[in-house]
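Structure first, commentary second.
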Amino acid sequence: MKSQRRVTAVALVLLVVLFAGSVASRRQVDRLRGTESTLEDVLYLSSGKTVKRFSLGYSSLLADIYWTRAVQYFGSRHMQHSYRYDLLYPLLDITTDLDPNLIVAYETGSIFLSQKGPEGAGQPDKAAALVEKGIRANPEYWRLYFSLGFIHYMDRHDYKAAHDAFLKGSEVPGALSWMKVMAARMSEKADDPETAAYLWKTIYETVTDKDVRGTALLHLTSLHAEADIAGLEQRTRLYRQEFGAFPSSWSDMMRAGILQTIPLDPNGDAYKLSPDGSVHVQDPAKFRFLINSQ
């Protein structure tokens with residue numbers, strides 16, 4: 001009994017030391033911001049296997065600590081609109097070494113990694129590798145195949161790999177039937193806004209992290225506006241065919257019966273009509289993922 005108490009005491013002391021090291025690492029990162037030093041130099045205990053050996057059976061608790069640290073690190077960099085997330089993958093790798101069954105680290109962490117800066121680390125290859133690591137540890141969890149297909153489709157633009165991920169996931173017991181549908185869509189269409197919107201909607205509805213949900217919502221509103229603009233520009237061309245010139249205002253199109261009302265973007269602002277018939281949003285900052293939003 002005394003021996004057990006000694007082991008427990010040693011383990012608790014070790015946990016305190018490791019957590020203090022994590023805090024010290026964060027402070028050191030803050031001091032190094034704006035310098036030429038690399039952030040990798042301050043990662044405390046960079047090997048997950050080493051940390052796990054020292055955990056004395058408390059690896060799951062340590063995984064929670066490292067996962068919290070990864071979320072805090074991502075959140076602080078994201079708020080600063082940083083393009084550097086050098087510590088993110090090492091922190092996620094350690095987290096999942098410590099607890100290979102910590103699903104949230106694979107699902108949410110991979111989105112942190114895959115998004116282009118400043119929304120994320122811009123490392124889709126590492127994001128895919130992280131999810132593949134999760135699949136090896138949790139082959140029965142079909143949603144990880146969704147995460148992998150999402151990364152391949154959205155960020156790596158590898159539609160065959162996306163097809164394979166969705167199809168393989170659809171074969172896992174309990175997988176929802178739309179996984180097969182997504183596999184089929186990967187074969188039928190490549191860069192398809194409707195498919196992209198469906199995937200982002202799924203992310204928005206299934207992920208709890210507020211930063212990820214915020215990014216998903218920005219993608220969805222941008223895709224909505226993109227579809228609106230494509231339809232409106234088709235109508236301005238139709239107006240030109242009928243009247244020999246582009247409309248000078250939305251009122252011209254309403255009088256011609258081509259539109260019923262002034263078109264509004266997803267945020268309720270009127271779209272802008274340019275003399276060349278092109279259509280734009282009023283505030284591009286609200287549609288960061290909209291191509292040619294100016």
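Here's how to read the names in the structure tokens: chain A, B, ... by the order shown, residue numbers from 1 in each chain, ligand numbers from 1 in the order shown.
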Write out as a ChimeraX atom specification the residues lying within 9 Å of region 163-178 of chain A, counting only C-alpha atoms and excluding same-chain residues fewer than 2 positions away.
/A:139-150,152-153,158-161,180-187
Which polymer residues have any atom within 10 Å of an atom of Gly257 (chain A), counting only C-alpha atoms, with same-chain residues fewer than 5 positions away left out, as a PyMOL selection string?
chain A and resi 239+251-252
So that I have them on file, write out the residues from the current selection with N, CA and C atoms, as a PDB file, in the first residue's frame.
```pdb
ATOM      1  N   TYR A 239     -29.683  40.257 -70.120  1.00  0.00           N
ATOM      2  CA  TYR A 239     -30.146  41.633 -70.328  1.00  0.00           C
ATOM      3  C   TYR A 239     -29.399  42.260 -71.507  1.00  0.00           C
ATOM      4  N   SER A 251     -32.551  48.260 -60.967  1.00  0.00           N
ATOM      5  CA  SER A 251     -33.880  48.713 -61.382  1.00  0.00           C
ATOM      6  C   SER A 251     -34.120  48.437 -62.858  1.00  0.00           C
ATOM      7  N   ASP A 252     -33.059  48.583 -63.676  1.00  0.00           N
ATOM      8  CA  ASP A 252     -33.199  48.283 -65.105  1.00  0.00           C
ATOM      9  C   ASP A 252     -33.654  46.841 -65.303  1.00  0.00           C
TER      10      ASP A 252
END
```
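Computed from the coordinates, the CA of Asp64 (chain A) to CA of Asp99 (chain A) distance equals 8.4 Å.
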Coordinates-based distance that separates CA of Gln115 (chain A) from CA of Glu205 (chain A) (Å, one decimal)
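Calculated distance between CA of Glu205 (chain A) and CA of Gln115 (chain A) is 17.8 Å.
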Skipping near chain neighbours, those fewer than 4 positions away, what residues fall within 12 Å of Phe243 (chain A) using only C-alpha atoms, listed as a count of residues only?
9
Do you know which residues are at most 8 Å from Thr215 (chain A) counting only C-alpha atoms, after dropping those on the same chain fewer than 4 positions away, and could you put them as number ranges by chain?
A: 119, 211, 219
Generate a file of the selected residues that holds N, CA and C atoms, formatted as a tab-separated table (two decimals), in the first residue's frame.
```tsv
chain	number	residue	atom	x	y	z
A	119	GLU	N	-6.49	31.12	-41.36
A	119	GLU	CA	-7.53	30.31	-40.70
A	119	GLU	C	-6.96	29.05	-40.08
A	211	ASP	N	-14.00	27.99	-33.24
A	211	ASP	CA	-13.20	28.50	-34.34
A	211	ASP	C	-13.49	27.73	-35.63
A	219	HIS	N	-17.16	29.73	-44.87
A	219	HIS	CA	-17.13	29.00	-46.14
A	219	HIS	C	-18.52	28.87	-46.73
```
Contacts of region 102-105 of chain A at 12 Å or less, counting only C-alpha atoms, minus same-chain residues fewer than 3 places along, as a short mmCIF file (atom, residue, chain, number, x, y, z; two decimals) with N, CA and C atoms, in the first residue's frame?
```cif
data_model
loop_
_atom_site.label_atom_id
_atom_site.label_comp_id
_atom_site.auth_asym_id
_atom_site.auth_seq_id
_atom_site.Cartn_x
_atom_site.Cartn_y
_atom_site.Cartn_z
N SER A 59 -1.24 8.47 -18.92
CA SER A 59 -1.09 9.01 -20.27
C SER A 59 -2.35 9.69 -20.78
N SER A 60 -3.53 9.18 -20.40
CA SER A 60 -4.78 9.80 -20.85
C SER A 60 -4.93 11.21 -20.27
N LEU A 61 -4.56 11.37 -19.01
CA LEU A 61 -4.63 12.69 -18.39
C LEU A 61 -3.65 13.64 -19.07
N LEU A 62 -2.46 13.15 -19.34
CA LEU A 62 -1.47 13.97 -20.03
C LEU A 62 -1.94 14.33 -21.45
N ALA A 63 -2.61 13.38 -22.10
CA ALA A 63 -3.15 13.67 -23.44
C ALA A 63 -4.13 14.83 -23.38
N ASP A 64 -4.99 14.86 -22.34
CA ASP A 64 -5.93 15.96 -22.19
C ASP A 64 -5.21 17.28 -22.01
N ILE A 65 -4.11 17.24 -21.25
CA ILE A 65 -3.33 18.46 -21.02
C ILE A 65 -2.72 18.95 -22.33
N TYR A 66 -2.14 18.03 -23.09
CA TYR A 66 -1.52 18.42 -24.36
C TYR A 66 -2.58 18.86 -25.38
N TRP A 67 -3.75 18.22 -25.37
CA TRP A 67 -4.81 18.63 -26.28
C TRP A 67 -5.28 20.05 -25.94
N THR A 68 -5.46 20.33 -24.65
CA THR A 68 -5.82 21.68 -24.21
C THR A 68 -4.77 22.68 -24.65
N ARG A 69 -3.52 22.29 -24.51
CA ARG A 69 -2.41 23.18 -24.93
C ARG A 69 -2.47 23.43 -26.44
N ALA A 70 -2.78 22.40 -27.23
CA ALA A 70 -2.87 22.56 -28.68
C ALA A 70 -4.00 23.52 -29.06
N VAL A 71 -5.16 23.38 -28.38
CA VAL A 71 -6.29 24.26 -28.65
C VAL A 71 -5.95 25.70 -28.27
N LEU A 88 1.85 23.33 -33.87
CA LEU A 88 0.55 22.66 -33.86
C LEU A 88 0.65 21.16 -34.12
N TYR A 89 1.30 20.77 -35.21
CA TYR A 89 1.38 19.33 -35.50
C TYR A 89 2.13 18.57 -34.41
N LEU A 91 2.32 19.18 -31.25
CA LEU A 91 1.43 19.05 -30.09
C LEU A 91 0.35 18.01 -30.33
N LEU A 92 -0.22 18.00 -31.54
CA LEU A 92 -1.25 17.01 -31.86
C LEU A 92 -0.67 15.60 -31.94
N ASP A 93 0.54 15.50 -32.44
CA ASP A 93 1.19 14.19 -32.55
C ASP A 93 1.45 13.62 -31.16
N ILE A 94 1.92 14.46 -30.25
CA ILE A 94 2.15 14.02 -28.87
C ILE A 94 0.82 13.63 -28.21
N THR A 95 -0.19 14.46 -28.40
CA THR A 95 -1.51 14.19 -27.81
C THR A 95 -2.01 12.80 -28.20
N THR A 96 -1.91 12.50 -29.49
CA THR A 96 -2.45 11.22 -29.98
C THR A 96 -1.50 10.05 -29.74
N ASP A 97 -0.23 10.32 -29.49
CA ASP A 97 0.66 9.26 -28.99
C ASP A 97 0.24 8.86 -27.58
N LEU A 98 -0.09 9.88 -26.77
CA LEU A 98 -0.46 9.63 -25.38
C LEU A 98 -1.82 8.94 -25.28
N ASP A 99 -2.75 9.34 -26.12
CA ASP A 99 -4.08 8.72 -26.12
C ASP A 99 -4.54 8.52 -27.56
N THR A 108 -10.96 17.51 -34.92
CA THR A 108 -10.82 18.96 -34.87
C THR A 108 -9.39 19.39 -35.17
N GLY A 109 -8.42 18.65 -34.64
CA GLY A 109 -7.02 19.00 -34.89
C GLY A 109 -6.66 18.98 -36.36
N SER A 110 -7.22 18.04 -37.11
CA SER A 110 -6.92 17.96 -38.54
C SER A 110 -7.47 19.17 -39.29
N ILE A 111 -8.60 19.71 -38.84
CA ILE A 111 -9.14 20.91 -39.47
C ILE A 111 -8.26 22.11 -39.16
N PHE A 112 -7.79 22.20 -37.90
CA PHE A 112 -6.82 23.24 -37.57
C PHE A 112 -5.64 23.20 -38.53
N LEU A 113 -5.14 22.01 -38.77
CA LEU A 113 -3.95 21.83 -39.61
C LEU A 113 -4.20 22.12 -41.08
N ALA A 127 -2.28 17.07 -41.94
CA ALA A 127 -3.65 16.81 -41.45
C ALA A 127 -4.10 15.42 -41.87
N LEU A 130 -2.33 12.83 -39.83
CA LEU A 130 -2.88 12.73 -38.47
C LEU A 130 -4.16 11.89 -38.46
N VAL A 131 -5.04 12.12 -39.43
CA VAL A 131 -6.29 11.35 -39.48
C VAL A 131 -6.01 9.88 -39.81
N GLU A 132 -5.07 9.62 -40.70
CA GLU A 132 -4.71 8.23 -41.01
C GLU A 132 -4.18 7.53 -39.77
N LYS A 133 -3.43 8.25 -38.95
CA LYS A 133 -2.96 7.71 -37.66
C LYS A 133 -4.16 7.36 -36.78
N GLY A 134 -5.18 8.25 -36.78
CA GLY A 134 -6.37 7.98 -36.00
C GLY A 134 -7.14 6.78 -36.50
N ILE A 135 -7.19 6.61 -37.82
CA ILE A 135 -7.89 5.46 -38.39
C ILE A 135 -7.20 4.16 -38.02
N ARG A 136 -5.89 4.17 -38.03
CA ARG A 136 -5.15 2.95 -37.63
C ARG A 136 -5.45 2.57 -36.19
N ALA A 137 -5.62 3.57 -35.33
CA ALA A 137 -5.89 3.29 -33.91
C ALA A 137 -7.37 3.04 -33.64
N ASN A 138 -8.24 3.58 -34.53
CA ASN A 138 -9.68 3.47 -34.32
C ASN A 138 -10.37 3.07 -35.63
N PRO A 139 -10.08 1.90 -36.16
CA PRO A 139 -10.61 1.52 -37.48
C PRO A 139 -12.12 1.39 -37.52
N GLU A 140 -12.76 1.28 -36.37
CA GLU A 140 -14.21 1.10 -36.33
C GLU A 140 -14.96 2.44 -36.32
N TYR A 141 -14.23 3.55 -36.21
CA TYR A 141 -14.87 4.86 -36.12
C TYR A 141 -14.95 5.47 -37.52
N TRP A 142 -16.09 5.32 -38.18
CA TRP A 142 -16.21 5.66 -39.59
C TRP A 142 -16.10 7.15 -39.86
N ARG A 143 -16.39 7.99 -38.87
CA ARG A 143 -16.35 9.43 -39.11
C ARG A 143 -14.94 9.94 -39.40
N LEU A 144 -13.92 9.20 -38.97
CA LEU A 144 -12.56 9.60 -39.32
C LEU A 144 -12.32 9.48 -40.82
N SER A 147 -13.53 12.65 -42.21
CA SER A 147 -12.53 13.70 -42.03
C SER A 147 -11.42 13.59 -43.07
N THR A 206 -21.37 19.08 -36.93
CA THR A 206 -20.83 17.98 -36.12
C THR A 206 -19.66 18.39 -35.23
N VAL A 207 -19.01 19.51 -35.52
CA VAL A 207 -17.85 19.94 -34.74
C VAL A 207 -18.29 20.96 -33.70
N THR A 208 -17.74 20.87 -32.49
CA THR A 208 -18.15 21.78 -31.42
C THR A 208 -17.21 22.97 -31.25
N ASP A 209 -15.98 22.87 -31.75
CA ASP A 209 -15.02 23.96 -31.58
C ASP A 209 -15.53 25.23 -32.28
#
```
Within 12 Å of Leu220 (chain A), counting only C-alpha atoms, which residues qualify if same-chain residues fewer than 5 places away don't, as a list of chain:residue names?
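In the requested format, the answer is A:Pro193, A:Glu194, A:Thr195, A:Ala196, A:Ala197, A:Tyr198, A:Leu199, A:Trp200, A:Lys201, A:Thr202, A:Ile203, A:Tyr204, A:Glu205, A:Arg213, A:Gly214, A:Thr215, A:Ala225, A:Glu226, A:Ala227, A:Pro266, A:Asn267, A:Lys286, A:Phe287, A:Arg288, A:Phe289, A:Leu290.
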Every residue of region 195-274 of chain A that DSSP places in helix (DSSP H, G or I), as an NGL selection string:
:A and (195-206 or 210-243 or 250-255)
Next, the residues of the selection above should be written as a short mmCIF file (atom, residue, chain, number, x, y, z; two decimals), in the first residue's frame with N, CA and C atoms.
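Generated output (part21.cif):
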```
data_model
loop_
_atom_site.label_atom_id
_atom_site.label_comp_id
_atom_site.auth_asym_id
_atom_site.auth_seq_id
_atom_site.Cartn_x
_atom_site.Cartn_y
_atom_site.Cartn_z
N THR A 195 -21.11 20.22 -53.65
CA THR A 195 -20.47 19.21 -52.81
C THR A 195 -19.70 19.88 -51.68
N ALA A 196 -18.98 20.96 -52.01
CA ALA A 196 -18.22 21.68 -50.99
C ALA A 196 -19.14 22.21 -49.89
N ALA A 197 -20.30 22.75 -50.29
CA ALA A 197 -21.25 23.28 -49.32
C ALA A 197 -21.77 22.16 -48.41
N TYR A 198 -22.05 21.01 -48.99
CA TYR A 198 -22.56 19.88 -48.19
C TYR A 198 -21.52 19.45 -47.15
N LEU A 199 -20.25 19.40 -47.56
CA LEU A 199 -19.20 18.98 -46.64
C LEU A 199 -19.01 20.00 -45.52
N TRP A 200 -19.00 21.28 -45.86
CA TRP A 200 -18.84 22.30 -44.83
C TRP A 200 -20.05 22.33 -43.89
N LYS A 201 -21.23 22.08 -44.42
CA LYS A 201 -22.43 22.03 -43.57
C LYS A 201 -22.31 20.88 -42.57
N THR A 202 -21.78 19.75 -43.03
CA THR A 202 -21.58 18.61 -42.13
C THR A 202 -20.59 18.95 -41.04
N ILE A 203 -19.49 19.63 -41.41
CA ILE A 203 -18.51 20.05 -40.42
C ILE A 203 -19.16 21.00 -39.41
N TYR A 204 -19.92 21.96 -39.89
CA TYR A 204 -20.56 22.94 -39.00
C TYR A 204 -21.50 22.26 -38.01
N GLU A 205 -22.19 21.23 -38.46
CA GLU A 205 -23.19 20.57 -37.61
C GLU A 205 -22.60 19.53 -36.66
N THR A 206 -21.37 19.08 -36.93
CA THR A 206 -20.83 17.98 -36.12
C THR A 206 -19.66 18.39 -35.23
N LYS A 210 -15.54 26.35 -31.54
CA LYS A 210 -16.14 27.58 -32.09
C LYS A 210 -15.33 28.14 -33.26
N ASP A 211 -14.00 27.99 -33.24
CA ASP A 211 -13.20 28.50 -34.34
C ASP A 211 -13.49 27.73 -35.63
N VAL A 212 -13.58 26.41 -35.50
CA VAL A 212 -13.88 25.58 -36.67
C VAL A 212 -15.28 25.88 -37.19
N ARG A 213 -16.25 26.02 -36.28
CA ARG A 213 -17.61 26.33 -36.70
C ARG A 213 -17.67 27.70 -37.38
N GLY A 214 -16.90 28.65 -36.85
CA GLY A 214 -16.86 29.97 -37.47
C GLY A 214 -16.28 29.92 -38.88
N THR A 215 -15.21 29.14 -39.05
CA THR A 215 -14.62 28.98 -40.38
C THR A 215 -15.59 28.30 -41.33
N ALA A 216 -16.28 27.26 -40.83
CA ALA A 216 -17.26 26.56 -41.67
C ALA A 216 -18.36 27.50 -42.12
N LEU A 217 -18.83 28.36 -41.21
CA LEU A 217 -19.89 29.30 -41.55
C LEU A 217 -19.41 30.30 -42.60
N LEU A 218 -18.17 30.76 -42.48
CA LEU A 218 -17.61 31.67 -43.49
C LEU A 218 -17.55 31.00 -44.86
N HIS A 219 -17.16 29.73 -44.87
CA HIS A 219 -17.13 29.00 -46.14
C HIS A 219 -18.52 28.87 -46.73
N LEU A 220 -19.49 28.56 -45.87
CA LEU A 220 -20.86 28.38 -46.36
C LEU A 220 -21.44 29.68 -46.92
N THR A 221 -21.22 30.80 -46.22
CA THR A 221 -21.74 32.07 -46.73
C THR A 221 -21.03 32.48 -48.02
N SER A 222 -19.72 32.19 -48.10
CA SER A 222 -18.99 32.51 -49.33
C SER A 222 -19.49 31.68 -50.50
N LEU A 223 -19.76 30.39 -50.26
CA LEU A 223 -20.28 29.53 -51.32
C LEU A 223 -21.68 29.97 -51.75
N HIS A 224 -22.49 30.39 -50.78
CA HIS A 224 -23.82 30.90 -51.09
C HIS A 224 -23.73 32.13 -51.99
N ALA A 225 -22.86 33.06 -51.60
CA ALA A 225 -22.68 34.28 -52.39
C ALA A 225 -22.13 33.95 -53.78
N GLU A 226 -21.22 32.99 -53.83
CA GLU A 226 -20.65 32.59 -55.13
C GLU A 226 -21.73 32.08 -56.07
N ALA A 227 -22.66 31.29 -55.54
CA ALA A 227 -23.77 30.78 -56.37
C ALA A 227 -24.69 31.91 -56.79
N ASP A 228 -24.97 32.84 -55.86
CA ASP A 228 -25.81 33.99 -56.20
C ASP A 228 -25.19 34.80 -57.33
N ILE A 229 -23.90 35.09 -57.20
CA ILE A 229 -23.21 35.93 -58.18
C ILE A 229 -23.21 35.28 -59.56
N ALA A 230 -22.97 33.98 -59.59
CA ALA A 230 -22.98 33.27 -60.88
C ALA A 230 -24.35 33.41 -61.55
N GLY A 231 -25.42 33.26 -60.77
CA GLY A 231 -26.76 33.38 -61.32
C GLY A 231 -27.08 34.79 -61.77
N LEU A 232 -26.66 35.79 -60.99
CA LEU A 232 -26.94 37.18 -61.33
C LEU A 232 -26.17 37.61 -62.58
N GLU A 233 -24.92 37.17 -62.68
CA GLU A 233 -24.13 37.54 -63.86
C GLU A 233 -24.70 36.88 -65.12
N GLN A 234 -25.27 35.72 -64.96
CA GLN A 234 -25.95 35.09 -66.11
C GLN A 234 -27.13 35.97 -66.55
N ARG A 235 -27.83 36.57 -65.60
CA ARG A 235 -28.96 37.42 -65.94
C ARG A 235 -28.51 38.76 -66.54
N THR A 236 -27.38 39.29 -66.09
CA THR A 236 -26.91 40.54 -66.70
C THR A 236 -26.51 40.30 -68.16
N ARG A 237 -25.98 39.13 -68.44
CA ARG A 237 -25.65 38.80 -69.84
C ARG A 237 -26.93 38.64 -70.67
N LEU A 238 -27.95 38.06 -70.05
CA LEU A 238 -29.23 37.94 -70.74
C LEU A 238 -29.80 39.33 -71.05
N TYR A 239 -29.68 40.26 -70.12
CA TYR A 239 -30.15 41.63 -70.33
C TYR A 239 -29.40 42.26 -71.51
N ARG A 240 -28.09 42.03 -71.56
CA ARG A 240 -27.29 42.60 -72.64
C ARG A 240 -27.73 42.04 -74.01
N GLN A 241 -28.03 40.75 -74.02
CA GLN A 241 -28.49 40.14 -75.28
C GLN A 241 -29.79 40.79 -75.77
N GLU A 242 -30.66 41.15 -74.82
CA GLU A 242 -31.96 41.71 -75.19
C GLU A 242 -31.90 43.21 -75.50
N PHE A 243 -31.02 43.94 -74.80
CA PHE A 243 -31.03 45.40 -74.92
C PHE A 243 -29.74 46.00 -75.49
N TRP A 250 -29.91 47.70 -60.77
CA TRP A 250 -30.83 46.58 -60.60
C TRP A 250 -32.24 46.97 -61.05
N SER A 251 -32.55 48.26 -60.97
CA SER A 251 -33.88 48.71 -61.38
C SER A 251 -34.12 48.44 -62.86
N ASP A 252 -33.06 48.58 -63.68
CA ASP A 252 -33.20 48.28 -65.10
C ASP A 252 -33.65 46.84 -65.30
N MET A 253 -33.05 45.94 -64.54
CA MET A 253 -33.39 44.52 -64.68
C MET A 253 -34.78 44.22 -64.13
N MET A 254 -35.17 44.97 -63.10
CA MET A 254 -36.51 44.77 -62.55
C MET A 254 -37.58 45.25 -63.54
N ARG A 255 -37.30 46.39 -64.19
CA ARG A 255 -38.25 46.89 -65.18
C ARG A 255 -38.35 45.95 -66.39
#
```
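Atom to atom, CA of Lys116 (chain A) and CA of Val279 (chain A) stand 25.8 Å apart.
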Quick one: pick out all strand (DSSP E or B) residues within region 34-282 of chain A from a backbone DSSP run and write them as a PyMOL selection string.
chain A and resi 264+270+272-273+279-280
